[in-house]
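Student: Quick one, run01.cif (mmCIF, C-alpha atoms):
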data_upload
#
loop_
_atom_site.label_atom_id
_atom_site.label_comp_id
_atom_site.auth_asym_id
_atom_site.auth_seq_id
_atom_site.Cartn_x
_atom_site.Cartn_y
_atom_site.Cartn_z
CA MET X 1 7.67 -26.34 -9.12
CA HIS X 2 8.71 -22.88 -8.01
CA ARG X 3 11.14 -20.12 -8.92
CA VAL X 4 12.47 -17.38 -6.63
CA GLU X 5 14.12 -14.23 -7.95
CA HIS X 6 15.03 -10.96 -6.29
CA VAL X 7 13.35 -8.22 -8.29
CA MET X 8 12.03 -4.81 -7.22
CA GLY X 9 14.12 -5.08 -4.05
CA MET X 10 12.37 -8.16 -2.70
CA PRO X 11 12.18 -11.92 -3.12
CA ILE X 12 9.38 -12.97 -5.48
CA VAL X 13 8.24 -16.60 -5.38
CA VAL X 14 6.21 -17.98 -8.27
CA ALA X 15 4.88 -21.53 -7.76
CA VAL X 16 2.85 -23.63 -10.21
CA ARG X 17 1.39 -27.08 -9.53
CA ASP X 18 1.90 -28.31 -13.10
CA GLY X 19 4.58 -27.41 -15.62
CA ASP X 20 7.37 -24.84 -15.40
CA VAL X 21 7.18 -21.18 -14.40
CA PRO X 22 7.40 -19.27 -17.70
CA ASP X 23 10.21 -16.71 -18.20
CA ALA X 24 7.56 -14.15 -19.19
CA VAL X 25 6.54 -13.72 -15.53
CA PHE X 26 9.97 -12.58 -14.34
CA ASP X 27 10.55 -10.60 -17.56
CA TRP X 28 7.39 -8.69 -16.56
CA PHE X 29 8.64 -8.00 -13.00
CA ARG X 30 11.97 -6.72 -14.41
CA HIS X 31 10.03 -4.43 -16.77
CA VAL X 32 8.00 -3.09 -13.80
CA ASP X 33 11.23 -2.49 -11.86
CA ALA X 34 12.78 -0.57 -14.78
CA THR X 35 9.65 1.60 -15.14
CA PHE X 36 8.60 2.22 -11.52
CA SER X 37 11.74 1.89 -9.38
CA THR X 38 12.55 4.94 -7.26
CA PHE X 39 16.11 3.57 -6.93
CA LYS X 40 16.79 3.71 -10.68
CA ALA X 41 17.51 7.30 -11.78
CA ASP X 42 16.28 6.68 -15.35
CA SER X 43 12.93 5.07 -14.46
CA GLU X 44 9.80 6.92 -15.52
CA ILE X 45 8.79 7.37 -11.88
CA SER X 46 12.19 8.89 -10.98
CA ARG X 47 11.91 11.30 -13.94
CA LEU X 48 8.36 12.24 -12.87
CA ARG X 49 9.48 12.87 -9.29
CA ARG X 50 12.33 15.10 -10.45
CA GLY X 51 9.88 17.06 -12.61
CA GLU X 52 11.65 16.09 -15.85
CA LEU X 53 8.61 14.22 -17.14
CA ALA X 54 5.06 15.58 -17.00
CA ARG X 55 2.36 13.14 -15.89
CA ALA X 56 0.47 13.74 -19.16
CA ASP X 57 3.57 12.64 -21.10
CA ALA X 58 4.11 9.44 -19.09
CA SER X 59 3.34 6.02 -20.59
CA ASN X 60 -0.25 4.74 -20.45
CA GLU X 61 0.85 2.13 -17.93
CA VAL X 62 2.26 4.75 -15.52
CA GLN X 63 -0.78 6.98 -15.98
CA ARG X 64 -3.15 4.09 -15.18
CA VAL X 65 -1.20 3.25 -12.00
CA LEU X 66 -1.17 6.89 -10.82
CA ALA X 67 -4.91 7.24 -11.59
CA ARG X 68 -5.64 4.17 -9.47
CA CYS X 69 -3.48 5.60 -6.66
CA ASP X 70 -5.62 8.77 -6.79
CA GLU X 71 -8.78 6.66 -6.45
CA LEU X 72 -7.28 4.68 -3.57
CA ARG X 73 -6.50 7.91 -1.69
CA LYS X 74 -10.20 8.78 -1.85
CA GLU X 75 -11.33 5.24 -0.97
CA THR X 76 -9.10 5.28 2.13
CA ALA X 77 -9.94 8.78 3.43
CA GLY X 78 -6.40 9.91 2.58
CA PHE X 79 -4.68 7.16 4.58
CA PHE X 80 -3.12 5.69 1.42
CA ASP X 81 -1.50 8.75 -0.10
CA ILE X 82 1.45 8.63 -2.49
CA ASP X 83 1.84 12.44 -2.30
CA ALA X 84 2.85 11.96 1.35
CA VAL X 85 5.88 10.02 0.08
CA ASP X 86 6.78 12.45 -2.72
CA GLY X 87 4.86 10.61 -5.43
CA ASP X 88 6.34 7.15 -4.82
CA PRO X 89 3.64 4.65 -5.95
CA SER X 90 5.59 1.54 -4.73
CA GLY X 91 2.88 0.72 -2.16
CA TYR X 92 0.46 0.02 -5.00
CA VAL X 93 2.87 -1.08 -7.74
CA LYS X 94 3.94 -4.22 -5.88
CA GLY X 95 0.41 -5.67 -5.65
CA TRP X 96 -0.62 -4.42 -9.07
CA SER X 97 2.42 -6.00 -10.75
CA VAL X 98 1.52 -9.35 -9.12
CA ASP X 99 -2.08 -9.01 -10.42
CA GLU X 100 -0.66 -8.47 -13.92
CA ALA X 101 1.72 -11.44 -13.50
CA ALA X 102 -1.31 -13.54 -12.53
CA ALA X 103 -2.98 -12.46 -15.78
CA ILE X 104 0.12 -13.65 -17.70
CA LEU X 105 -0.18 -17.09 -16.04
CA ASP X 106 -3.95 -17.15 -16.73
CA ARG X 107 -3.34 -16.45 -20.44
CA ALA X 108 -0.68 -19.19 -20.52
CA GLY X 109 -3.32 -21.65 -19.26
CA PHE X 110 -2.12 -22.21 -15.66
CA GLU X 111 -5.01 -23.12 -13.38
CA GLU X 112 -3.15 -23.53 -10.07
CA TYR X 113 -0.47 -21.06 -9.09
CA GLY X 114 0.70 -18.92 -6.19
CA ILE X 115 2.77 -15.74 -6.30
CA ASN X 116 4.38 -14.38 -3.13
CA ALA X 117 6.00 -10.96 -3.54
CA GLY X 118 7.67 -9.96 -0.28
CA GLY X 119 4.85 -11.44 1.80
CA ASP X 120 1.91 -10.31 -0.34
CA ILE X 121 0.23 -13.22 -2.08
CA ARG X 122 -2.03 -13.92 -5.02
CA THR X 123 -3.28 -17.42 -5.79
CA ARG X 124 -5.38 -19.30 -8.32
CA GLY X 125 -6.83 -22.65 -7.27
CA ARG X 126 -6.95 -23.76 -3.63
CA TRP X 127 -3.94 -22.95 -1.45
CA THR X 128 -3.23 -22.95 2.27
CA ILE X 129 -1.55 -19.75 3.38
CA GLY X 130 0.06 -19.04 6.75
CA ILE X 131 -0.02 -15.47 8.04
CA GLN X 132 3.16 -14.67 9.90
CA HIS X 133 2.88 -13.93 13.62
CA PRO X 134 3.58 -10.20 14.04
CA LEU X 135 5.85 -10.69 17.06
CA GLU X 136 7.39 -14.13 16.34
CA PRO X 137 8.67 -14.16 12.74
CA GLN X 138 9.10 -17.95 12.59
CA GLU X 139 5.55 -18.59 13.77
CA ILE X 140 2.13 -18.52 12.14
CA ALA X 141 -0.68 -16.47 13.71
CA GLN X 142 -3.49 -17.51 11.37
CA VAL X 143 -4.07 -19.96 8.53
CA VAL X 144 -6.02 -18.77 5.50
CA GLU X 145 -7.54 -21.15 2.98
CA GLY X 146 -9.48 -20.33 -0.14
CA ASP X 147 -9.71 -20.30 -3.91
CA ASP X 148 -8.34 -17.46 -6.08
CA LEU X 149 -7.23 -15.14 -3.29
CA ALA X 150 -5.22 -11.96 -2.90
CA VAL X 151 -3.73 -11.67 0.61
CA ALA X 152 -1.85 -8.50 1.65
CA THR X 153 -0.39 -7.76 5.08
CA SER X 154 0.91 -4.49 6.45
CA GLY X 155 2.77 -4.36 9.73
CA ALA X 156 5.47 -2.49 11.61
CA TYR X 157 7.73 -5.53 11.33
CA GLU X 158 8.00 -5.47 7.52
CA ARG X 159 10.81 -2.95 6.98
CA GLY X 160 11.07 -1.05 10.19
CA ASP X 161 8.44 1.61 10.91
CA HIS X 162 7.92 2.47 7.27
CA VAL X 163 4.14 3.00 7.30
CA ARG X 164 3.10 6.37 8.65
CA ASP X 165 -0.22 8.16 9.06
CA PRO X 166 -0.06 10.65 6.15
CA HIS X 167 -2.18 13.11 8.15
CA THR X 168 0.21 13.31 11.11
CA ASP X 169 3.45 11.76 9.73
CA GLU X 170 3.60 9.57 12.82
CA ALA X 171 3.94 5.80 13.10
CA PRO X 172 0.55 4.26 13.92
CA SER X 173 -0.07 2.98 17.44
CA GLY X 174 -2.15 0.19 18.87
CA VAL X 175 -1.91 -2.12 15.87
CA LEU X 176 0.63 -4.86 15.04
CA SER X 177 -0.59 -5.87 11.59
CA VAL X 178 -3.54 -5.73 9.21
CA THR X 179 -4.21 -8.49 6.65
CA ILE X 180 -6.68 -7.86 3.82
CA THR X 181 -8.04 -10.52 1.47
CA GLY X 182 -10.04 -10.04 -1.73
CA PRO X 183 -9.92 -10.36 -5.49
CA ASP X 184 -7.24 -7.76 -6.32
CA LEU X 185 -3.79 -7.60 -4.65
CA GLY X 186 -3.02 -3.96 -5.56
CA THR X 187 -6.23 -2.84 -3.83
CA ALA X 188 -5.79 -5.25 -0.90
CA ASP X 189 -2.24 -3.97 -0.35
CA ALA X 190 -3.32 -0.31 -0.40
CA TYR X 191 -6.22 -1.06 2.00
CA ALA X 192 -3.84 -2.91 4.37
CA THR X 193 -1.39 0.01 4.34
CA ALA X 194 -4.23 2.50 4.95
CA ALA X 195 -5.85 0.49 7.75
CA PHE X 196 -2.48 0.00 9.46
CA ALA X 197 -1.84 3.76 9.26
CA MET X 198 -5.22 4.40 10.97
CA GLY X 199 -3.93 2.65 14.08
CA GLY X 200 -5.73 0.47 16.60
CA ARG X 201 -8.66 2.85 17.11
CA GLY X 202 -9.49 3.48 13.46
CA ALA X 203 -8.54 0.29 11.61
CA PRO X 204 -11.13 -2.26 12.86
CA GLY X 205 -14.16 -0.03 12.26
CA TRP X 206 -12.92 0.98 8.83
CA THR X 207 -12.21 -2.60 7.71
CA ALA X 208 -15.69 -3.67 8.85
CA ARG X 209 -17.17 -1.40 6.21
CA LEU X 210 -15.11 -2.56 3.20
CA ARG X 211 -16.99 -4.06 0.27
CA GLY X 212 -15.63 -7.17 -1.45
CA TYR X 213 -12.61 -7.34 0.88
CA GLU X 214 -12.17 -9.06 4.25
CA ALA X 215 -9.76 -8.09 7.01
CA MET X 216 -7.95 -9.34 10.09
CA THR X 217 -6.49 -6.70 12.40
CA ILE X 218 -4.05 -7.76 15.13
CA LEU X 219 -4.00 -5.16 17.90
CA SER X 220 -1.10 -4.44 20.25
CA ASP X 221 -3.12 -5.75 23.22
CA GLY X 222 -3.30 -9.19 21.54
CA ARG X 223 -6.86 -8.97 20.24
CA VAL X 224 -7.44 -10.30 16.72
CA LEU X 225 -10.46 -8.67 15.05
CA SER X 226 -11.67 -10.30 11.82
CA THR X 227 -14.52 -9.47 9.47
CA PRO X 228 -17.26 -12.16 9.30
CA HIS X 229 -16.11 -13.73 6.01
CA PHE X 230 -12.34 -13.58 6.53
CA PRO X 231 -11.17 -16.91 4.99
CA SER X 232 -9.62 -18.48 8.11
CA ALA X 233 -8.94 -22.21 7.70
CA MET T 1 -18.55 23.36 6.42
CA ARG T 2 -15.75 21.01 5.50
CA LYS T 3 -16.51 21.36 1.79
CA ARG T 4 -16.52 25.16 2.09
CA LEU T 5 -13.16 25.13 3.82
CA ILE T 6 -11.62 22.91 1.15
CA ALA T 7 -13.08 25.08 -1.61
CA ALA T 8 -11.61 28.16 0.04
CA VAL T 9 -8.09 26.75 0.27
CA ALA T 10 -8.23 24.97 -3.10
CA GLY T 11 -8.81 28.37 -4.70
CA LEU T 12 -5.14 29.12 -4.01
CA ALA T 13 -4.13 26.09 -6.07
CA THR T 14 -1.24 27.39 -8.17
CA ILE T 15 1.10 30.28 -7.49
CA VAL T 16 3.77 30.94 -10.10
CA LEU T 17 6.57 33.40 -9.45
CA PRO T 18 8.25 34.91 -11.34
CA ALA T 19 7.23 34.50 -15.00
CA ALA T 20 8.95 31.65 -16.86
CA ASN T 21 12.23 32.58 -18.49
CA ALA T 22 12.96 31.32 -21.99
CA VAL T 23 16.77 31.38 -21.79
CA ALA T 24 18.22 28.33 -23.49
CA GLY T 25 20.72 26.12 -21.67
CA THR T 26 20.81 23.30 -19.18
CA ALA T 27 17.91 23.28 -16.77
CA LYS T 28 17.83 21.88 -13.27
CA THR T 29 14.61 21.04 -11.48
CA ILE T 30 14.22 20.62 -7.73
CA VAL T 31 10.96 19.21 -6.41
CA THR T 32 10.06 19.34 -2.73
CA THR T 33 6.83 18.44 -0.96
CA LYS T 34 5.77 20.21 2.21
CA ARG T 35 2.78 19.97 4.55
CA VAL T 36 1.09 23.10 5.81
CA THR T 37 -1.24 22.67 8.77
CA GLY T 38 -4.00 25.25 9.11
CA PRO T 39 -5.54 26.53 12.35
CA GLN T 40 -8.28 24.56 14.06
CA ALA T 41 -11.74 25.88 13.28
CA VAL T 42 -15.09 25.09 14.88
CA ALA T 43 -17.25 23.04 12.52
CA GLY T 44 -20.77 23.11 13.99
CA PRO T 45 -21.78 20.12 16.14
CA PHE T 46 -18.82 18.02 14.95
CA GLY T 47 -16.23 19.78 17.07
CA TYR T 48 -12.97 21.06 15.65
CA VAL T 49 -11.77 20.62 12.10
CA GLU T 50 -8.23 21.02 10.85
CA VAL T 51 -7.00 21.13 7.27
CA ILE T 52 -3.56 20.06 6.08
CA LEU T 53 -2.40 21.11 2.63
CA VAL T 54 0.25 19.11 0.80
CA VAL T 55 2.17 21.61 -1.30
CA LYS T 56 4.52 20.50 -4.05
CA LYS T 57 7.16 23.09 -4.86
CA THR T 58 8.97 22.85 -8.19
CA ALA T 59 12.00 25.09 -8.65
CA ARG T 60 13.27 25.15 -12.24
CA ILE T 61 16.70 26.72 -12.55
CA VAL T 62 17.89 27.87 -15.99
CA GLY T 63 21.19 29.80 -15.78
CA THR T 64 20.64 32.42 -13.09
CA HIS T 65 16.85 32.44 -13.39
CA THR T 66 14.70 30.35 -11.09
CA THR T 67 11.03 29.66 -11.70
CA VAL T 68 9.13 28.46 -8.67
CA THR T 69 5.75 26.73 -9.00
CA ARG T 70 3.75 25.74 -5.95
CA LYS T 71 0.85 23.37 -6.37
CA ILE T 72 -1.54 21.99 -3.78
CA THR T 73 -1.48 18.26 -4.48
CA ASN T 74 -3.71 17.15 -1.64
CA VAL T 75 -6.07 18.53 0.99
CA LEU T 76 -6.31 16.35 4.07
CA VAL T 77 -8.88 16.70 6.81
CA PRO T 78 -7.51 14.66 9.73
CA ILE T 79 -10.81 14.17 11.52
CA PHE T 80 -11.28 10.58 10.40
CA PRO T 81 -12.45 8.25 11.82
CA ASN T 82 -13.11 8.95 15.51
CA HIS T 83 -13.30 12.71 15.77
CA THR T 84 -16.94 13.31 14.93
CA SER T 85 -20.04 12.01 16.66
CA ARG T 86 -21.17 10.55 13.34
CA SER T 87 -17.96 8.59 12.70
CA ILE T 88 -17.93 7.32 16.31
CA PHE T 89 -21.52 6.17 15.78
CA ILE T 90 -20.61 4.38 12.54
CA ASN T 91 -17.64 2.67 14.20
CA GLN T 92 -19.77 1.55 17.13
CA GLN T 93 -22.15 -0.07 14.65
CA ALA T 94 -19.33 -1.72 12.67
CA VAL T 95 -16.98 -3.10 15.34
CA PRO T 96 -19.42 -5.62 16.92
CA LEU T 97 -19.63 -7.30 13.50
CA LEU T 98 -15.99 -8.38 13.87
CA THR T 99 -15.02 -11.70 15.40
CA ASN T 100 -12.82 -11.19 18.43
CA GLU T 101 -10.08 -13.72 19.16
CA VAL T 102 -6.82 -13.69 21.09
CA LEU T 103 -3.45 -13.70 19.31
CA THR T 104 -1.78 -17.09 19.62
CA MET T 105 0.84 -19.09 17.76
CA THR T 106 -1.00 -21.54 15.55
CA LYS T 107 0.29 -25.09 15.51
CA PHE T 108 2.14 -25.51 12.23
CA ASN T 109 -0.21 -26.75 9.56
CA PRO T 110 1.66 -29.10 7.16
CA ASN T 111 -0.54 -27.98 4.25
CA ILE T 112 0.92 -24.46 4.35
CA GLU T 113 2.82 -23.68 1.15
CA LEU T 114 2.76 -19.91 1.10
CA VAL T 115 3.52 -17.54 4.00
CA GLY T 116 2.10 -14.03 3.97
CA GLY T 117 3.34 -10.98 5.83
CA ALA T 118 6.91 -12.27 5.76
CA THR T 119 9.71 -9.77 5.97
CA ALA T 120 10.54 -8.48 2.54
CA THR T 121 14.33 -8.13 2.63
CA SER T 122 16.43 -10.87 1.05
CA TYR T 123 18.38 -11.51 4.27
CA ALA T 124 15.18 -11.99 6.28
CA PHE T 125 13.74 -14.12 3.48
CA ALA T 126 16.67 -16.55 3.64
CA GLN T 127 15.78 -17.23 7.29
CA SER T 128 12.03 -17.23 6.80
CA LEU T 129 9.47 -19.95 7.11
CA GLN T 130 8.61 -19.42 3.42
CA ALA T 131 12.21 -20.18 2.41
CA ALA T 132 12.23 -23.29 4.60
CA ILE T 133 9.01 -24.55 2.99
CA LEU T 134 10.47 -24.01 -0.49
CA HIS T 135 13.73 -25.65 0.53
CA ALA T 136 11.76 -28.74 1.57
CA LYS T 137 10.55 -28.78 -2.07
CA LYS T 138 6.91 -28.83 -1.10
CA ILE T 139 6.19 -26.94 -4.31
#
The structure in this file should be written as structure tokens.
Tutor:
Amino acid sequence: MHRVEHVMGMPIVVAVRDGDVPDAVFDWFRHVDATFSTFKADSEISRLRRGELARADASNEVQRVLARCDELRKETAGFFDIDAVDGDPSGYVKGWSVDEAAAILDRAGFEEYGINAGGDIRTRGRWTIGIQHPLEPQEIAQVVEGDDLAVATSGAYERGDHVRDPHTDEAPSGVLSVTITGPDLGTADAYATAAFAMGGRGAPGWTARLRGYEAMTILSDGRVLSTPHFPSA
Amino acid sequence: MRKRLIAAVAGLATIVLPAANAVAGTAKTIVTTKRVTGPQAVAGPFGYVEVILVVKKTARIVGTHTTVTRKITNVLVPIFPNHTSRSIFINQQAVPLLTNEVLTMTKFNPNIELVGGATATSYAFAQSLQAAILHAKKI
């Protein structure tokens, strides 16, 4: 069975093969929203951004997320950079919160589940996943199949041109979408955002050198460049 | 060369003016982030290098006194990944490892239960393939 709720400004689908989706999963997403939302004036992140809360005084959870964002900036040569968006960690929080929700389902004994948060997916067990065509929203461009996957996609079609190259503040060119797969959705999502921001010239070469993560880059000229172990069905 | 440049600019990390004022009362804080692009400099055989500083300005207003703190929160060197002969070499080694296909619409696979990359807004979701699959009660 599955449940869909709109939390953190997006639809979140939680599907389990056996049993019912526990309330604890959506309670967790609501907690993440209350803590990290940039739309809620009293969230810890909003207070940090206004300078009312020092980073050292933030909760352990917030400090861990910001520390990981710092690491991801270094891992992506500055292409994933929350300082470029005035300290908004949403680009990592979405994937990370799904990883934590997966841990809740693991602890509750679920062995086959899928979570889809606004198009970014984490699964346990074997699932067949369609990757949306970047130009035809009702169509599938690629089918991914595998066990225990995180699948994150970044593209211009998500929410308008919201990904920018933090070095130039310009929308990337030459690339329609980048999909990253691997063990951890927070990391996969940040890598996808970074690779997309690099544009068509930079993204393929960078993704070819990732360790533990596979990538599929769809270029504006219609070429689809995938790393050797990308889990295409 | 790059490291030296970063060290030189990072030395300017925090500028506080004027000294903090201890007047009690309601305080207002305004935080702004600005990018400062430096001049292009020649960096040996690698061509030009340019440094961008991300500066976070915090203005704390207590009564009529304003305390301004500027902090460099990031130093970016926008030469990645194709601007140096070394990075071009690395990319030339990496790209042939990728499989090269042509973008097509895949025939719908009935086993698909989850759809990735879907538009994140609730309106778009209602019309999405993912919503249709759920509506069909496949899971």
Student: Go through X:Ser154, X:Thr179, X:Ser59, X:Thr38 one by one, measure the shortest atom-to-atom distance of each to Tyr213 (chain X) using only C-alpha atoms, and give the residue with the smallest value.
Tutor: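 Closest residue, counting only C-alpha atoms: X:Thr179.
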Student: List the residues matched by the PyMOL selection byres ((chain T and resi 129-135) around 10) in the displayed structure as a VMD selection string, ordered by chain and then by residue number.
Tutor: (chain X and resid 1 to 4 11 13 15 116 119 130 132 137 to 140) or (chain T and resid 110 112 to 116 118 124 to 128 136 to 139)
Student: Store the residues of this selection in a file with C-alpha atoms, as a JSON list (two decimals), keeping the file's coordinate frame.
Tutor:
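selection-v2.json written:
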[["chain", "number", "residue", "atom", "x", "y", "z"],
["X", 1, "MET", "CA", 7.67, -26.34, -9.12],
["X", 2, "HIS", "CA", 8.71, -22.88, -8.01],
["X", 3, "ARG", "CA", 11.14, -20.12, -8.92],
["X", 4, "VAL", "CA", 12.47, -17.38, -6.63],
["X", 11, "PRO", "CA", 12.18, -11.92, -3.12],
["X", 13, "VAL", "CA", 8.24, -16.60, -5.38],
["X", 15, "ALA", "CA", 4.88, -21.53, -7.76],
["X", 116, "ASN", "CA", 4.38, -14.38, -3.13],
["X", 119, "GLY", "CA", 4.85, -11.44, 1.80],
["X", 130, "GLY", "CA", 0.06, -19.04, 6.75],
["X", 132, "GLN", "CA", 3.16, -14.67, 9.90],
["X", 137, "PRO", "CA", 8.67, -14.16, 12.74],
["X", 138, "GLN", "CA", 9.10, -17.95, 12.59],
["X", 139, "GLU", "CA", 5.55, -18.59, 13.77],
["X", 140, "ILE", "CA", 2.13, -18.52, 12.14],
["T", 110, "PRO", "CA", 1.66, -29.10, 7.16],
["T", 112, "ILE", "CA", 0.92, -24.46, 4.35],
["T", 113, "GLU", "CA", 2.82, -23.68, 1.15],
["T", 114, "LEU", "CA", 2.76, -19.91, 1.10],
["T", 115, "VAL", "CA", 3.52, -17.54, 4.00],
["T", 116, "GLY", "CA", 2.10, -14.03, 3.97],
["T", 118, "ALA", "CA", 6.91, -12.27, 5.76],
["T", 124, "ALA", "CA", 15.18, -11.99, 6.28],
["T", 125, "PHE", "CA", 13.74, -14.12, 3.48],
["T", 126, "ALA", "CA", 16.67, -16.55, 3.64],
["T", 127, "GLN", "CA", 15.78, -17.23, 7.29],
["T", 128, "SER", "CA", 12.03, -17.23, 6.80],
["T", 136, "ALA", "CA", 11.76, -28.74, 1.57],
["T", 137, "LYS", "CA", 10.55, -28.78, -2.07],
["T", 138, "LYS", "CA", 6.91, -28.83, -1.10],
["T", 139, "ILE", "CA", 6.19, -26.94, -4.31]]
Student: CA of Phe79 (chain X) and CA of Gly51 (chain X) are how many Å apart?
Tutor: 24.6 Å
Student: Let me know the residues the PyMOL selection byres ((chain X and resi 117) around 10) catches in the file above, as a ChimeraX atom specification.
Tutor: /X:4-8,10-14,94-95,97-98,114-116,118-122,152 /T:116-118,120
Student: Taking all listed atoms of region 147-151 of chain X, build the axis-aligned box, pad each of the six sides by 8 Å, then write its centre and edge lengths in Å to one decimal as JSON.
Tutor:
{"center_x": -6.7, "center_y": -16.0, "center_z": -2.7, "size_x": 22.0, "size_y": 24.6, "size_z": 22.7}
